[in-house]
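Listing of query34.pdb; format and content: PDB, C-alpha atoms, pLDDT in the B column.
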```
MODEL        1
ATOM      1  CA  MET X   1     -73.792 -41.135  14.385  1.00 54.00           C
ATOM      2  CA  PRO X   2     -70.992 -39.640  12.236  1.00 58.00           C
ATOM      3  CA  ARG X   3     -67.602 -41.192  12.931  1.00 57.00           C
ATOM      4  CA  THR X   4     -66.204 -37.742  13.680  1.00 59.00           C
ATOM      5  CA  HIS X   5     -68.473 -37.604  16.740  1.00 70.00           C
ATOM      6  CA  LYS X   6     -67.488 -40.956  18.231  1.00 79.00           C
ATOM      7  CA  SER X   7     -64.988 -39.395  20.634  1.00 87.00           C
ATOM      8  CA  PHE X   8     -67.519 -36.988  22.163  1.00 94.00           C
ATOM      9  CA  PRO X   9     -69.069 -37.930  25.528  1.00 94.00           C
ATOM     10  CA  ARG X  10     -72.727 -39.016  25.329  1.00 95.00           C
ATOM     11  CA  LEU X  11     -75.212 -37.919  27.933  1.00 96.00           C
ATOM     12  CA  TYR X  12     -78.841 -38.869  28.538  1.00 96.00           C
ATOM     13  CA  VAL X  13     -81.101 -35.964  29.483  1.00 96.00           C
ATOM     14  CA  THR X  14     -84.820 -35.630  30.111  1.00 94.00           C
ATOM     15  CA  HIS X  15     -85.162 -32.231  28.411  1.00 93.00           C
ATOM     16  CA  GLY X  16     -86.748 -31.852  24.995  1.00 95.00           C
ATOM     17  CA  LEU X  17     -84.181 -31.445  22.213  1.00 96.00           C
ATOM     18  CA  ALA X  18     -84.916 -28.999  19.402  1.00 94.00           C
ATOM     19  CA  PRO X  19     -83.080 -26.430  17.232  1.00 93.00           C
ATOM     20  CA  GLY X  20     -81.856 -23.405  19.159  1.00 91.00           C
ATOM     21  CA  GLY X  21     -82.524 -25.027  22.523  1.00 94.00           C
ATOM     22  CA  THR X  22     -80.401 -25.070  25.649  1.00 95.00           C
ATOM     23  CA  VAL X  23     -80.096 -27.747  28.305  1.00 96.00           C
ATOM     24  CA  ALA X  24     -79.318 -27.014  31.947  1.00 94.00           C
ATOM     25  CA  LEU X  25     -77.539 -29.972  33.515  1.00 93.00           C
ATOM     26  CA  ASP X  26     -78.166 -31.260  37.003  1.00 92.00           C
ATOM     27  CA  LYS X  27     -75.485 -31.489  39.671  1.00 91.00           C
ATOM     28  CA  ASP X  28     -74.325 -35.024  38.837  1.00 92.00           C
ATOM     29  CA  GLN X  29     -74.203 -34.404  35.085  1.00 93.00           C
ATOM     30  CA  THR X  30     -72.304 -31.165  35.619  1.00 94.00           C
ATOM     31  CA  ASN X  31     -69.813 -32.889  37.888  1.00 93.00           C
ATOM     32  CA  TYR X  32     -69.234 -35.597  35.272  1.00 93.00           C
ATOM     33  CA  LEU X  33     -68.664 -33.249  32.341  1.00 94.00           C
ATOM     34  CA  ILE X  34     -66.926 -30.328  34.035  1.00 93.00           C
ATOM     35  CA  ASN X  35     -65.088 -31.832  37.004  1.00 91.00           C
ATOM     36  CA  VAL X  36     -64.377 -35.382  35.797  1.00 93.00           C
ATOM     37  CA  LEU X  37     -63.983 -34.919  32.028  1.00 94.00           C
ATOM     38  CA  ARG X  38     -62.842 -31.277  32.467  1.00 94.00           C
ATOM     39  CA  LEU X  39     -64.789 -29.961  29.501  1.00 94.00           C
ATOM     40  CA  LYS X  40     -64.574 -26.242  28.779  1.00 94.00           C
ATOM     41  CA  ALA X  41     -66.699 -23.696  26.946  1.00 94.00           C
ATOM     42  CA  GLY X  42     -67.079 -24.716  23.302  1.00 95.00           C
ATOM     43  CA  ASP X  43     -66.371 -28.434  23.879  1.00 95.00           C
ATOM     44  CA  SER X  44     -68.745 -30.916  22.258  1.00 96.00           C
ATOM     45  CA  VAL X  45     -71.204 -33.374  23.842  1.00 96.00           C
ATOM     46  CA  ILE X  46     -73.783 -35.704  22.281  1.00 97.00           C
ATOM     47  CA  LEU X  47     -77.180 -35.534  23.990  1.00 97.00           C
ATOM     48  CA  PHE X  48     -80.187 -37.857  23.685  1.00 97.00           C
ATOM     49  CA  ASN X  49     -83.458 -38.237  25.555  1.00 96.00           C
ATOM     50  CA  GLY X  50     -85.040 -41.354  24.061  1.00 95.00           C
ATOM     51  CA  ARG X  51     -87.512 -39.234  22.043  1.00 95.00           C
ATOM     52  CA  ASP X  52     -85.762 -36.702  19.824  1.00 96.00           C
ATOM     53  CA  GLY X  53     -82.769 -38.574  18.436  1.00 96.00           C
ATOM     54  CA  ALA X  54     -79.159 -37.600  19.154  1.00 96.00           C
ATOM     55  CA  TRP X  55     -77.937 -33.997  19.111  1.00 97.00           C
ATOM     56  CA  LEU X  56     -74.557 -32.337  19.012  1.00 97.00           C
ATOM     57  CA  ALA X  57     -74.310 -29.763  21.783  1.00 97.00           C
ATOM     58  CA  LYS X  58     -71.638 -27.311  22.914  1.00 97.00           C
ATOM     59  CA  VAL X  59     -70.742 -26.332  26.457  1.00 95.00           C
ATOM     60  CA  ALA X  60     -71.999 -22.741  26.779  1.00 93.00           C
ATOM     61  CA  ASP X  61     -71.578 -22.125  30.501  1.00 86.00           C
ATOM     62  CA  PRO X  62     -69.162 -24.496  32.257  1.00 85.00           C
ATOM     63  CA  HIS X  63     -70.233 -23.381  35.729  1.00 80.00           C
ATOM     64  CA  ARG X  64     -69.218 -26.087  38.190  1.00 73.00           C
ATOM     65  CA  LYS X  65     -72.548 -26.009  40.036  1.00 79.00           C
ATOM     66  CA  GLY X  66     -74.764 -26.174  36.969  1.00 85.00           C
ATOM     67  CA  ALA X  67     -73.430 -26.188  33.418  1.00 91.00           C
ATOM     68  CA  THR X  68     -75.518 -25.203  30.396  1.00 94.00           C
ATOM     69  CA  LEU X  69     -75.271 -26.738  26.917  1.00 96.00           C
ATOM     70  CA  GLU X  70     -76.432 -25.250  23.614  1.00 96.00           C
ATOM     71  CA  LEU X  71     -77.938 -27.561  20.996  1.00 97.00           C
ATOM     72  CA  VAL X  72     -76.233 -27.290  17.607  1.00 96.00           C
ATOM     73  CA  VAL X  73     -77.483 -29.905  15.141  1.00 96.00           C
ATOM     74  CA  PRO X  74     -79.118 -33.380  15.180  1.00 95.00           C
ATOM     75  CA  THR X  75     -76.680 -36.224  14.520  1.00 95.00           C
ATOM     76  CA  ALA X  76     -79.020 -39.266  14.453  1.00 94.00           C
ATOM     77  CA  HIS X  77     -82.732 -39.853  13.961  1.00 94.00           C
ATOM     78  CA  GLN X  78     -84.702 -41.388  16.809  1.00 94.00           C
ATOM     79  CA  SER X  79     -84.918 -45.171  16.498  1.00 91.00           C
ATOM     80  CA  PRO X  80     -88.358 -46.789  16.933  1.00 93.00           C
ATOM     81  CA  PRO X  81     -89.097 -48.487  20.257  1.00 92.00           C
ATOM     82  CA  SER X  82     -88.326 -52.183  20.465  1.00 95.00           C
ATOM     83  CA  ASP X  83     -91.208 -54.630  20.921  1.00 96.00           C
ATOM     84  CA  LEU X  84     -89.009 -57.252  22.586  1.00 97.00           C
ATOM     85  CA  TRP X  85     -89.911 -58.094  26.206  1.00 98.00           C
ATOM     86  CA  TYR X  86     -87.204 -59.578  28.422  1.00 98.00           C
ATOM     87  CA  GLY X  87     -87.803 -61.198  31.808  1.00 97.00           C
ATOM     88  CA  PHE X  88     -85.090 -62.520  34.109  1.00 94.00           C
ATOM     89  CA  ALA X  89     -84.676 -63.840  37.621  1.00 93.00           C
ATOM     90  CA  PRO X  90     -82.613 -61.221  39.511  1.00 90.00           C
ATOM     91  CA  LEU X  91     -79.011 -62.108  40.307  1.00 86.00           C
ATOM     92  CA  LYS X  92     -76.606 -60.776  42.891  1.00 83.00           C
ATOM     93  CA  SER X  93     -74.723 -57.488  42.696  1.00 74.00           C
ATOM     94  CA  ALA X  94     -72.499 -57.010  39.644  1.00 82.00           C
ATOM     95  CA  ARG X  95     -74.131 -59.832  37.703  1.00 85.00           C
ATOM     96  CA  LEU X  96     -77.521 -58.140  38.088  1.00 88.00           C
ATOM     97  CA  ASP X  97     -76.007 -54.927  36.719  1.00 91.00           C
ATOM     98  CA  TYR X  98     -74.465 -56.887  33.854  1.00 92.00           C
ATOM     99  CA  VAL X  99     -77.747 -58.505  32.793  1.00 93.00           C
ATOM    100  CA  VAL X 100     -79.609 -55.183  32.739  1.00 94.00           C
ATOM    101  CA  GLN X 101     -76.814 -53.484  30.803  1.00 95.00           C
ATOM    102  CA  LYS X 102     -76.588 -56.267  28.217  1.00 95.00           C
ATOM    103  CA  ALA X 103     -80.347 -56.346  27.707  1.00 96.00           C
ATOM    104  CA  THR X 104     -80.210 -52.616  26.967  1.00 97.00           C
ATOM    105  CA  GLU X 105     -77.326 -53.066  24.529  1.00 96.00           C
ATOM    106  CA  MET X 106     -79.112 -55.953  22.796  1.00 95.00           C
ATOM    107  CA  GLY X 107     -82.159 -53.872  21.912  1.00 95.00           C
ATOM    108  CA  VAL X 108     -84.785 -54.936  24.448  1.00 97.00           C
ATOM    109  CA  GLY X 109     -87.903 -52.770  24.779  1.00 97.00           C
ATOM    110  CA  VAL X 110     -89.072 -53.824  28.249  1.00 97.00           C
ATOM    111  CA  ILE X 111     -86.939 -55.329  31.020  1.00 97.00           C
ATOM    112  CA  GLN X 112     -88.761 -56.996  33.898  1.00 97.00           C
ATOM    113  CA  PRO X 113     -87.365 -58.862  36.920  1.00 95.00           C
ATOM    114  CA  VAL X 114     -89.265 -62.107  37.546  1.00 96.00           C
ATOM    115  CA  LEU X 115     -89.188 -63.637  41.021  1.00 95.00           C
ATOM    116  CA  THR X 116     -88.904 -67.428  41.129  1.00 94.00           C
ATOM    117  CA  ARG X 117     -88.371 -70.022  43.843  1.00 93.00           C
ATOM    118  CA  PHE X 118     -84.586 -69.960  43.416  1.00 89.00           C
ATOM    119  CA  THR X 119     -84.231 -66.229  42.765  1.00 87.00           C
ATOM    120  CA  GLN X 120     -81.127 -64.917  44.530  1.00 81.00           C
ATOM    121  CA  VAL X 121     -82.329 -61.361  45.152  1.00 79.00           C
ATOM    122  CA  HIS X 122     -85.844 -60.260  46.097  1.00 76.00           C
ATOM    123  CA  ARG X 123     -85.339 -56.604  47.059  1.00 81.00           C
ATOM    124  CA  LEU X 124     -84.345 -54.533  44.067  1.00 85.00           C
ATOM    125  CA  LYS X 125     -83.275 -50.903  43.919  1.00 87.00           C
ATOM    126  CA  SER X 126     -85.174 -49.449  40.977  1.00 87.00           C
ATOM    127  CA  ASP X 127     -83.001 -46.319  40.850  1.00 89.00           C
ATOM    128  CA  LYS X 128     -79.874 -48.453  40.477  1.00 91.00           C
ATOM    129  CA  LEU X 129     -81.471 -50.538  37.716  1.00 92.00           C
ATOM    130  CA  ASP X 130     -82.521 -47.364  35.892  1.00 94.00           C
ATOM    131  CA  ALA X 131     -78.987 -46.006  36.223  1.00 93.00           C
ATOM    132  CA  ASN X 132     -77.579 -49.181  34.658  1.00 93.00           C
ATOM    133  CA  VAL X 133     -79.953 -48.851  31.714  1.00 96.00           C
ATOM    134  CA  ILE X 134     -78.919 -45.221  31.157  1.00 95.00           C
ATOM    135  CA  GLU X 135     -75.214 -46.005  31.492  1.00 95.00           C
ATOM    136  CA  ALA X 136     -75.431 -48.805  28.925  1.00 96.00           C
ATOM    137  CA  ALA X 137     -77.389 -46.573  26.531  1.00 96.00           C
ATOM    138  CA  GLU X 138     -74.828 -43.796  26.868  1.00 94.00           C
ATOM    139  CA  GLN X 139     -71.878 -46.108  26.256  1.00 93.00           C
ATOM    140  CA  CYS X 140     -73.342 -48.038  23.315  1.00 92.00           C
ATOM    141  CA  GLU X 141     -75.184 -45.338  21.320  1.00 92.00           C
ATOM    142  CA  VAL X 142     -78.604 -46.737  22.184  1.00 94.00           C
ATOM    143  CA  LEU X 143     -81.225 -44.056  21.468  1.00 95.00           C
ATOM    144  CA  THR X 144     -84.405 -45.779  22.668  1.00 93.00           C
ATOM    145  CA  ILE X 145     -84.322 -46.390  26.415  1.00 95.00           C
ATOM    146  CA  PRO X 146     -85.919 -49.673  27.563  1.00 96.00           C
ATOM    147  CA  VAL X 147     -88.734 -49.530  30.079  1.00 96.00           C
ATOM    148  CA  MET X 148     -87.653 -50.956  33.437  1.00 95.00           C
ATOM    149  CA  ALA X 149     -90.839 -52.696  34.631  1.00 95.00           C
ATOM    150  CA  PRO X 150     -91.399 -53.561  38.312  1.00 94.00           C
ATOM    151  CA  GLU X 151     -90.605 -57.043  39.540  1.00 94.00           C
ATOM    152  CA  VAL X 152     -93.331 -59.671  39.327  1.00 96.00           C
ATOM    153  CA  ALA X 153     -93.725 -63.180  40.700  1.00 96.00           C
ATOM    154  CA  LEU X 154     -93.512 -65.888  38.049  1.00 97.00           C
ATOM    155  CA  THR X 155     -96.951 -67.255  38.973  1.00 97.00           C
ATOM    156  CA  ASP X 156     -98.504 -63.788  38.586  1.00 98.00           C
ATOM    157  CA  LEU X 157     -96.676 -63.228  35.302  1.00 98.00           C
ATOM    158  CA  ILE X 158     -98.109 -66.432  33.856  1.00 98.00           C
ATOM    159  CA  ALA X 159    -101.595 -65.890  35.276  1.00 97.00           C
ATOM    160  CA  THR X 160    -101.885 -62.443  33.664  1.00 97.00           C
ATOM    161  CA  TRP X 161     -99.806 -63.027  30.515  1.00 98.00           C
ATOM    162  CA  ARG X 162    -102.689 -63.090  28.037  1.00 97.00           C
ATOM    163  CA  GLU X 163    -104.380 -60.115  29.687  1.00 97.00           C
ATOM    164  CA  VAL X 164    -101.215 -57.997  29.678  1.00 96.00           C
ATOM    165  CA  HIS X 165     -99.359 -59.284  26.600  1.00 96.00           C
ATOM    166  CA  GLY X 166    -102.118 -60.501  24.295  1.00 96.00           C
ATOM    167  CA  LEU X 167    -100.828 -62.875  21.611  1.00 95.00           C
ATOM    168  CA  ARG X 168     -97.154 -62.432  22.503  1.00 97.00           C
ATOM    169  CA  ARG X 169     -95.283 -65.747  22.687  1.00 97.00           C
ATOM    170  CA  LEU X 170     -92.943 -66.343  25.620  1.00 98.00           C
ATOM    171  CA  ILE X 171     -89.621 -67.964  24.707  1.00 97.00           C
ATOM    172  CA  VAL X 172     -88.234 -69.775  27.752  1.00 95.00           C
ATOM    173  CA  ALA X 173     -84.636 -70.870  28.062  1.00 89.00           C
ATOM    174  CA  ASP X 174     -85.195 -74.394  29.388  1.00 83.00           C
ATOM    175  CA  GLU X 175     -82.091 -76.088  30.763  1.00 79.00           C
ATOM    176  CA  SER X 176     -84.014 -79.356  30.946  1.00 77.00           C
ATOM    177  CA  ALA X 177     -84.944 -79.387  27.261  1.00 75.00           C
ATOM    178  CA  PRO X 178     -83.107 -81.866  24.990  1.00 74.00           C
ATOM    179  CA  SER X 179     -79.958 -80.263  23.649  1.00 74.00           C
ATOM    180  CA  GLY X 180     -80.303 -79.035  20.089  1.00 74.00           C
ATOM    181  CA  SER X 181     -80.375 -76.036  17.790  1.00 80.00           C
ATOM    182  CA  PRO X 182     -83.188 -73.566  18.588  1.00 86.00           C
ATOM    183  CA  VAL X 183     -83.245 -72.168  15.049  1.00 88.00           C
ATOM    184  CA  GLU X 184     -86.275 -74.141  13.826  1.00 85.00           C
ATOM    185  CA  GLN X 185     -88.150 -73.483  17.059  1.00 85.00           C
ATOM    186  CA  LEU X 186     -87.649 -69.757  16.647  1.00 92.00           C
ATOM    187  CA  GLU X 187     -88.099 -69.326  12.900  1.00 93.00           C
ATOM    188  CA  TRP X 188     -91.828 -70.030  13.013  1.00 91.00           C
ATOM    189  CA  LEU X 189     -92.203 -67.057  15.375  1.00 93.00           C
ATOM    190  CA  ARG X 190     -90.968 -64.621  12.725  1.00 92.00           C
ATOM    191  CA  GLY X 191     -93.239 -61.580  12.589  1.00 91.00           C
ATOM    192  CA  LEU X 192     -94.935 -62.356  15.912  1.00 94.00           C
ATOM    193  CA  PRO X 193     -94.466 -60.379  19.143  1.00 96.00           C
ATOM    194  CA  VAL X 194     -92.244 -62.320  21.519  1.00 97.00           C
ATOM    195  CA  GLY X 195     -90.793 -62.220  25.003  1.00 98.00           C
ATOM    196  CA  ILE X 196     -87.770 -64.002  26.456  1.00 97.00           C
ATOM    197  CA  LEU X 197     -87.609 -65.461  29.958  1.00 97.00           C
ATOM    198  CA  VAL X 198     -84.363 -66.624  31.577  1.00 95.00           C
ATOM    199  CA  GLY X 199     -84.528 -68.344  34.943  1.00 92.00           C
ATOM    200  CA  PRO X 200     -82.288 -68.178  38.017  1.00 90.00           C
ATOM    201  CA  GLU X 201     -79.088 -69.978  38.892  1.00 86.00           C
ATOM    202  CA  GLY X 202     -80.154 -73.569  39.479  1.00 83.00           C
ATOM    203  CA  GLY X 203     -83.000 -73.221  37.008  1.00 88.00           C
ATOM    204  CA  PHE X 204     -86.732 -73.249  37.534  1.00 92.00           C
ATOM    205  CA  SER X 205     -88.218 -75.531  40.160  1.00 93.00           C
ATOM    206  CA  ASP X 206     -90.092 -78.608  38.973  1.00 93.00           C
ATOM    207  CA  ASP X 207     -93.429 -76.940  39.702  1.00 96.00           C
ATOM    208  CA  GLU X 208     -92.407 -73.779  37.859  1.00 96.00           C
ATOM    209  CA  ARG X 209     -91.184 -75.686  34.834  1.00 94.00           C
ATOM    210  CA  LYS X 210     -94.429 -77.680  34.763  1.00 95.00           C
ATOM    211  CA  LEU X 211     -96.453 -74.457  34.965  1.00 97.00           C
ATOM    212  CA  LEU X 212     -94.493 -72.919  32.082  1.00 96.00           C
ATOM    213  CA  LEU X 213     -94.725 -75.947  29.814  1.00 95.00           C
ATOM    214  CA  GLU X 214     -98.492 -76.167  30.324  1.00 96.00           C
ATOM    215  CA  GLN X 215     -99.016 -72.759  28.698  1.00 97.00           C
ATOM    216  CA  ASP X 216     -99.893 -72.622  25.003  1.00 96.00           C
ATOM    217  CA  PHE X 217     -98.009 -69.313  24.621  1.00 97.00           C
ATOM    218  CA  VAL X 218     -94.710 -70.700  25.983  1.00 97.00           C
ATOM    219  CA  VAL X 219     -92.011 -71.789  23.531  1.00 95.00           C
ATOM    220  CA  PRO X 220     -89.206 -73.684  25.340  1.00 93.00           C
ATOM    221  CA  ILE X 221     -85.784 -73.666  23.694  1.00 92.00           C
ATOM    222  CA  SER X 222     -82.433 -75.266  24.404  1.00 88.00           C
ATOM    223  CA  LEU X 223     -79.311 -73.111  24.628  1.00 88.00           C
ATOM    224  CA  GLY X 224     -77.018 -75.960  23.658  1.00 84.00           C
ATOM    225  CA  PRO X 225     -75.207 -78.853  25.307  1.00 84.00           C
ATOM    226  CA  ARG X 226     -73.417 -76.864  28.040  1.00 85.00           C
ATOM    227  CA  ILE X 227     -74.702 -75.585  31.360  1.00 84.00           C
ATOM    228  CA  LEU X 228     -74.665 -71.767  31.217  1.00 87.00           C
ATOM    229  CA  ARG X 229     -74.649 -69.297  34.056  1.00 90.00           C
ATOM    230  CA  ALA X 230     -77.817 -67.235  34.151  1.00 90.00           C
ATOM    231  CA  ASP X 231     -76.077 -64.069  32.920  1.00 90.00           C
ATOM    232  CA  THR X 232     -74.447 -65.994  30.054  1.00 93.00           C
ATOM    233  CA  ALA X 233     -77.790 -67.585  29.167  1.00 92.00           C
ATOM    234  CA  ALA X 234     -79.369 -64.139  29.019  1.00 93.00           C
ATOM    235  CA  VAL X 235     -76.906 -62.887  26.397  1.00 94.00           C
ATOM    236  CA  ALA X 236     -77.095 -66.168  24.438  1.00 93.00           C
ATOM    237  CA  ALA X 237     -80.904 -66.133  24.319  1.00 94.00           C
ATOM    238  CA  LEU X 238     -81.082 -62.468  23.324  1.00 96.00           C
ATOM    239  CA  ALA X 239     -78.483 -62.970  20.587  1.00 95.00           C
ATOM    240  CA  LEU X 240     -80.353 -65.953  19.172  1.00 94.00           C
ATOM    241  CA  VAL X 241     -83.688 -64.170  19.058  1.00 96.00           C
ATOM    242  CA  GLN X 242     -82.289 -60.968  17.576  1.00 96.00           C
ATOM    243  CA  ALA X 243     -80.304 -62.889  14.954  1.00 94.00           C
ATOM    244  CA  ILE X 244     -83.049 -65.304  13.881  1.00 94.00           C
ATOM    245  CA  ILE X 245     -86.277 -63.294  14.188  1.00 94.00           C
ATOM    246  CA  GLY X 246     -85.236 -59.904  15.559  1.00 92.00           C
ATOM    247  CA  ASP X 247     -83.692 -56.690  14.275  1.00 89.00           C
ATOM    248  CA  TRP X 248     -80.291 -58.174  13.374  1.00 85.00           C
ATOM    249  CA  ARG X 249     -81.874 -59.392  10.149  1.00 73.00           C
TER     250      ARG X 249
ENDMDL
END
```
Would you put the structure from the file into structure tokens?
Amino acid sequence: MPRTHKSFPRLYVTHGLAPGGTVALDKDQTNYLINVLRLKAGDSVILFNGRDGAWLAKVADPHRKGATLELVVPTAHQSPPSDLWYGFAPLKSARLDYVVQKATEMGVGVIQPVLTRFTQVHRLKSDKLDANVIEAAEQCEVLTIPVMAPEVALTDLIATWREVHGLRRLIVADESAPSGSPVEQLEWLRGLPVGILVGPEGGFSDDERKLLLEQDFVVPISLGPRILRADTAAVAALALVQAIIGDWR
């Protein structure tokens, strides 16, 4: 996006974006732009929908019950969807929001909660998770919105991995693995489809760890000599994968 547009608010919409088009905002979007940000006719907004890139738009009708925007010009091409799968054991409250937001910012393609023996939360609000994904995308200029997949039990995930994910390798942050650099373990995966799995606070149970390590598609890695909280481990694992074999290269 041009630097001159950095100060404009960014808004995710579901409408198609094309030259000469207009976008009618819903009640919540209108409230945000018109009542909270106090935009007026002619003010600029950046719109994106996950399909058509980013577009500069102008407020055409700042009606408080349903504003309308006019599309002006594209400002960024649509980025290709990410192939990176990310699974995590759900955490409580704000830390759950944090993990979903950071996964979005880090370029994940699919985010999926994985229920384990020590998972802290078992009932998830999908609308809240979706809202966190959208908020992170809006704030960090992410154009491709990750898919928020439904939660799955770890045993079911493993049992159906080959059927669902084919040859994708599953990188598992293993707190019980000998401490060491994961660089060599990851470099041989370059060019292959991969997923990342981060367990709950307290780690995987002995039975779960045994199940994971028995799979030929699982690649266990160490995240260093310190014990990390699950949300910290998530960011560390994603950064390692993106830097060594992902799109940071």
- Task: Evaluate the PyMOL selection byres ((chain X and resi 187-202) around 8) and record the selected residues as a ChimeraX atom specification, following the chain and residue labels used in the document.
- Result: /X:83-91,116,118-120,167-173,183-186,203-204,229-230,233-234,237-238,244-246
Any chance you could resolve the PyMOL selection byres ((chain X and resi 23) around 8) against this file and give the residues as a PyMOL selection string? chain X and resi 15+21-22+24-25+68-71
Checklist entry - Just how far from atom CA of Gln29 of chain X is atom CA of Leu143 of chain X, in Å to one decimal? => result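 Distance between the two atoms: 18.1 Å.
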Closest of X:Thr155, X:Asn132, X:Ser222, X:Ser205 to Glu175 of chain X, counting only C-alpha atoms, is X:Ser222
message = as JSON, numbers by chain, please: the residues near Val73 of chain X (cut-off 10 Å, all atoms listed in the file, same-chain neighbours under 3 positions excluded).
response = {"X": [17, 18, 19, 20, 46, 54, 55, 56, 57, 70, 76]}
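With all atoms listed in the file as the atoms that count, the minimum distance from Tyr98 of chain X to the choices X:Gln215, X:Thr30, X:Thr232, X:Ser176 is reached by X:Thr232.
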Gap from atom CA of Arg10 of chain X to atom CA of Ser126 of chain X - Å, one decimal
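About the pair atom CA of Arg10 of chain X and atom CA of Ser126 of chain X: they are 22.6 Å apart.
Atom pair atom CA of Ala153 of chain X / atom CA of Asp216 of chain X: separated by 19.3 Å.
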message: Give me, as a list in words, all polymer residues having an atom no more than 12 Å from Asp156 of chain X, counting all atoms listed in the file and skipping those fewer than 6 positions away in the same chain.
response: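 Listed by chain and then number, they are Val114, Leu115, Thr116, Arg162, Glu163, Val164, Glu208, Leu211 and Leu212 of chain X.
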Using C-alpha atoms, can you write the selected residues to a file as a tab-separated table (two decimals), in the frame of the given file?
```tsv
chain	number	residue	atom	x	y	z
X	114	VAL	CA	-89.26	-62.11	37.55
X	115	LEU	CA	-89.19	-63.64	41.02
X	116	THR	CA	-88.90	-67.43	41.13
X	162	ARG	CA	-102.69	-63.09	28.04
X	163	GLU	CA	-104.38	-60.12	29.69
X	164	VAL	CA	-101.22	-58.00	29.68
X	208	GLU	CA	-92.41	-73.78	37.86
X	211	LEU	CA	-96.45	-74.46	34.97
X	212	LEU	CA	-94.49	-72.92	32.08
```
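For the residues X:Asp52, X:Asp231, X:Asp247, X:Glu214, ranking by smallest atom-to-atom distance to Thr144 of chain X using all atoms listed in the file places X:Asp52 first.
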Task: Contacts of Gly107 of chain X at 12 Å (only C-alpha atoms; same-chain gap of 5+ positions) as a VMD selection string - done: chain X and resid 79 to 86 100 to 102 133 136 to 137 140 to 147 235 238 to 239 241 to 243 246 to 248
### From X:Asp206, X:Val108, X:Asp174, X:Ala149, residue lying nearest Ile221 of chain X [only C-alpha atoms]
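Selected residue with least distance to Ile221 of chain X: X:Asp174.
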Could you give me the centre and size, in Å to one decimal, of an axis-aligned box around all listed atoms of segment 80-94 of chain X with 6 Å added on every side, as lines of an AutoDock Vina configuration file?
```
center_x = -81.9
center_y = -55.3
center_z = 29.9
size_x = 30.7
size_y = 29.1
size_z = 38.0
```
Of X:Ser44, X:Asn49, X:Gln112, X:Thr104, the one sitting nearest Val152 of chain X when using all atoms listed in the file is X:Gln112
Distance query 7 Å from (-67.7, -29.3, 21.7) using only C-alpha atoms, result as a ChimeraX atom specification: /X:42-45,57-59
